[in-house]
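Following: one structure in structure tokens, then a few remarks.
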Amino acid sequence: MFLITLTFFHSSDGAGKGNCRNAGGGEKEMKVYLDVCCLCRPFDDQSVYRIRQETDAIKEILSRCDNGWELAISEMTIEEISQIPDPIRRDRVQPFLSLASTKIKIDESIINRMYEIRSMGIKTADAFHIACAEQVHATLITTDDRLVQVYNQDTTQFVIRIQNPVHLLEEDY
């Protein structure tokens, strides 16, 4: 197996945002930013089909992050995990952070972009995650249907893709 370098590109019509090109063929790399809902998903009720399906997809994505894909996290991710009230659940989620090769510090540009995104009706924490993912051109992975729906209503408002983990893996990566 060989790895190639990704080229993230943006087109004026919004097509292809967050996609990667593989000019040389073979295995593709990708930069992803998983929100905390995704990192917690493996510890949700696995008797629910959708949760089990998303868990399998998240495990596959994390496995790929250990083998060529790049996982980005932010100070917001770390803060949200520290606020998980159940200490056992919090302790189970924290090891996923060690897979991250990119750690995003929240700066003024991210805060300004968060306010822009929040004005679209997106919750503050989600707006921070989007702004952080945009900062490093990572695809934001979430199990939040509402967030994916807002993105799909007008993709031109974002410089990245926002996807459910199952749908990401259904694409040809």
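In the structure tokens, the first chain shown is A, the next is B, and so on; residue numbers restart at 1 for each chain, and ligands run from 1 in the order shown.
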
Would you pick out the contacts of A:Thr142 at 7 Å or less, using only C-alpha atoms, so that residues sharing its chain but fewer than 2 positions from it are not included, and give the list as a PyMOL selection string?
chain A and resi 34-35+37-38+140+144+163-165

I need the chosen residues saved as an mmCIF file, in the first residue's frame, with C-alpha atoms.
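What ended up in out.cif:
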data_model
loop_
_atom_site.group_PDB
_atom_site.id
_atom_site.type_symbol
_atom_site.label_atom_id
_atom_site.label_comp_id
_atom_site.auth_asym_id
_atom_site.auth_seq_id
_atom_site.Cartn_x
_atom_site.Cartn_y
_atom_site.Cartn_z
ATOM 1 C CA LEU A 34 -15.373 14.095 13.950
ATOM 2 C CA ASP A 35 -17.677 15.966 16.280
ATOM 3 C CA CYS A 37 -21.435 12.959 18.943
ATOM 4 C CA CYS A 38 -19.420 10.703 16.633
ATOM 5 C CA LEU A 140 -16.900 17.452 9.325
ATOM 6 C CA ASP A 144 -26.586 15.156 13.851
ATOM 7 C CA GLN A 163 -21.575 14.387 6.370
ATOM 8 C CA ASN A 164 -22.973 11.508 8.320
ATOM 9 C CA PRO A 165 -20.263 8.836 8.814
#

Based on DSSP run over this structure's backbone, return all residues of stretch 14-163 of chain A in strand (DSSP E), as a compact mmCIF listing (two decimals) with C-alpha atoms, in the first residue's frame.
# COMPACT_ATOMS: atom_id res chain seq x y z
CA LYS A 31 -8.66 14.89 6.57
CA VAL A 32 -11.68 14.46 8.82
CA TYR A 33 -13.00 16.23 11.88
CA LEU A 34 -15.37 14.09 13.95
CA GLU A 70 -5.80 12.56 9.14
CA LEU A 71 -8.00 13.21 12.18
CA ALA A 72 -8.35 16.82 13.28
CA ILE A 73 -9.68 17.84 16.67
CA SER A 74 -9.97 21.20 18.37
CA THR A 102 -4.04 17.99 13.94
CA LYS A 103 -5.09 19.93 17.04
CA ILE A 104 -6.79 23.22 16.26
CA THR A 139 -14.71 17.14 6.23
CA LEU A 140 -16.90 17.45 9.32
CA ILE A 141 -18.40 14.11 10.29
CA ILE A 162 -20.59 18.05 6.47
CA GLN A 163 -21.57 14.39 6.37

I need the residue nearest A:Ala138 from this list: A:Arg50, A:Arg161, A:Lys59, A:Arg118. Use only C-alpha atoms for the distance.
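Of A:Arg50, A:Arg161, A:Lys59, A:Arg118, the one nearest A:Ala138 is A:Arg161, counting only C-alpha atoms.
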
At what distance in Å, to one decimal, does atom CA of A:Tyr151 lie from atom CA of A:Glu29?
23.3 Å

DSSP on the backbone, then: every residue of chain A marked helix (DSSP H, G or I), written as a PyMOL selection string.
chain A and resi 36-43+49-65+75-82+87-99+108-118+124-135+145-153+155-157+165-170

Same residues, C-alpha atoms, output as a short mmCIF file (atom, residue, chain, number, x, y, z; two decimals), in the first residue's frame:
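Just written: again.cif:
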data_model
loop_
_atom_site.label_atom_id
_atom_site.label_comp_id
_atom_site.auth_asym_id
_atom_site.auth_seq_id
_atom_site.Cartn_x
_atom_site.Cartn_y
_atom_site.Cartn_z
CA VAL A 36 -18.15 14.69 19.83
CA CYS A 37 -21.43 12.96 18.94
CA CYS A 38 -19.42 10.70 16.63
CA LEU A 39 -16.76 10.01 19.22
CA CYS A 40 -19.48 9.04 21.71
CA ARG A 41 -21.49 6.92 19.26
CA PRO A 42 -19.68 3.61 19.98
CA PHE A 43 -20.92 3.90 23.58
CA TYR A 49 -29.86 -0.40 14.00
CA ARG A 50 -28.95 3.15 12.97
CA ILE A 51 -26.66 3.61 15.97
CA ARG A 52 -24.94 0.30 15.25
CA GLN A 53 -24.52 1.25 11.58
CA GLU A 54 -23.05 4.65 12.47
CA THR A 55 -20.80 3.04 15.09
CA ASP A 56 -19.40 0.65 12.48
CA ALA A 57 -18.76 3.57 10.11
CA ILE A 58 -17.07 5.61 12.85
CA LYS A 59 -14.86 2.67 13.81
CA GLU A 60 -13.86 2.31 10.15
CA ILE A 61 -13.10 6.04 9.89
CA LEU A 62 -11.00 5.92 13.08
CA SER A 63 -9.19 2.87 11.73
CA ARG A 64 -8.41 4.80 8.56
CA CYS A 65 -7.17 7.69 10.72
CA GLU A 75 -9.88 22.75 21.77
CA MET A 76 -13.69 22.66 21.54
CA THR A 77 -13.59 18.87 21.11
CA ILE A 78 -11.38 18.49 24.18
CA GLU A 79 -13.60 20.84 26.22
CA GLU A 80 -16.82 19.05 25.21
CA ILE A 81 -15.36 15.67 26.13
CA SER A 82 -14.23 17.02 29.49
CA PRO A 87 -16.94 9.62 34.06
CA ILE A 88 -16.90 6.10 32.58
CA ARG A 89 -18.19 7.34 29.22
CA ARG A 90 -15.75 10.29 29.31
CA ASP A 91 -12.85 7.90 30.03
CA ARG A 92 -13.90 5.70 27.09
CA VAL A 93 -14.07 8.61 24.64
CA GLN A 94 -10.81 10.37 25.59
CA PRO A 95 -8.45 7.77 24.01
CA PHE A 96 -9.84 8.64 20.55
CA LEU A 97 -8.14 12.02 20.91
CA SER A 98 -4.74 10.34 20.67
CA LEU A 99 -5.45 9.47 17.02
CA GLU A 108 -10.03 35.12 16.58
CA SER A 109 -10.67 34.00 12.98
CA ILE A 110 -12.41 30.84 14.20
CA ILE A 111 -14.49 32.84 16.69
CA ASN A 112 -15.52 35.31 13.97
CA ARG A 113 -16.47 32.48 11.61
CA MET A 114 -18.37 30.76 14.44
CA TYR A 115 -20.54 33.88 14.81
CA GLU A 116 -21.25 33.88 11.06
CA ILE A 117 -22.24 30.21 11.16
CA ARG A 118 -24.31 30.67 14.31
CA THR A 124 -22.75 27.55 19.20
CA ALA A 125 -20.86 24.29 19.79
CA ASP A 126 -21.72 23.02 16.29
CA ALA A 127 -20.73 26.38 14.79
CA PHE A 128 -17.36 26.12 16.55
CA HIS A 129 -16.82 22.61 15.16
CA ILE A 130 -17.67 23.77 11.63
CA ALA A 131 -15.37 26.79 11.90
CA CYS A 132 -12.54 24.61 13.20
CA ALA A 133 -13.02 22.04 10.43
CA GLU A 134 -13.04 24.84 7.86
CA GLN A 135 -9.79 26.20 9.28
CA ASP A 145 -29.22 15.00 11.09
CA ARG A 146 -30.25 18.61 11.65
CA LEU A 147 -26.70 19.83 11.06
CA VAL A 148 -26.36 17.78 7.87
CA GLN A 149 -29.75 19.08 6.72
CA VAL A 150 -28.73 22.74 7.26
CA TYR A 151 -25.58 22.07 5.26
CA ASN A 152 -27.49 20.36 2.45
CA GLN A 153 -29.96 23.25 2.18
CA THR A 155 -23.72 24.14 0.71
CA THR A 156 -22.38 27.46 -0.61
CA GLN A 157 -22.37 28.81 2.96
CA PRO A 165 -20.26 8.84 8.81
CA VAL A 166 -22.24 6.16 6.96
CA HIS A 167 -22.75 8.40 3.92
CA LEU A 168 -19.07 9.35 3.87
CA LEU A 169 -18.03 5.70 3.60
CA GLU A 170 -20.67 5.01 0.96
#

Quick one, how far is atom CA of A:His137 from atom CA of A:Phe158?
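Atom CA of A:Phe158 lies at a distance of 10.5 Å from atom CA of A:His137.
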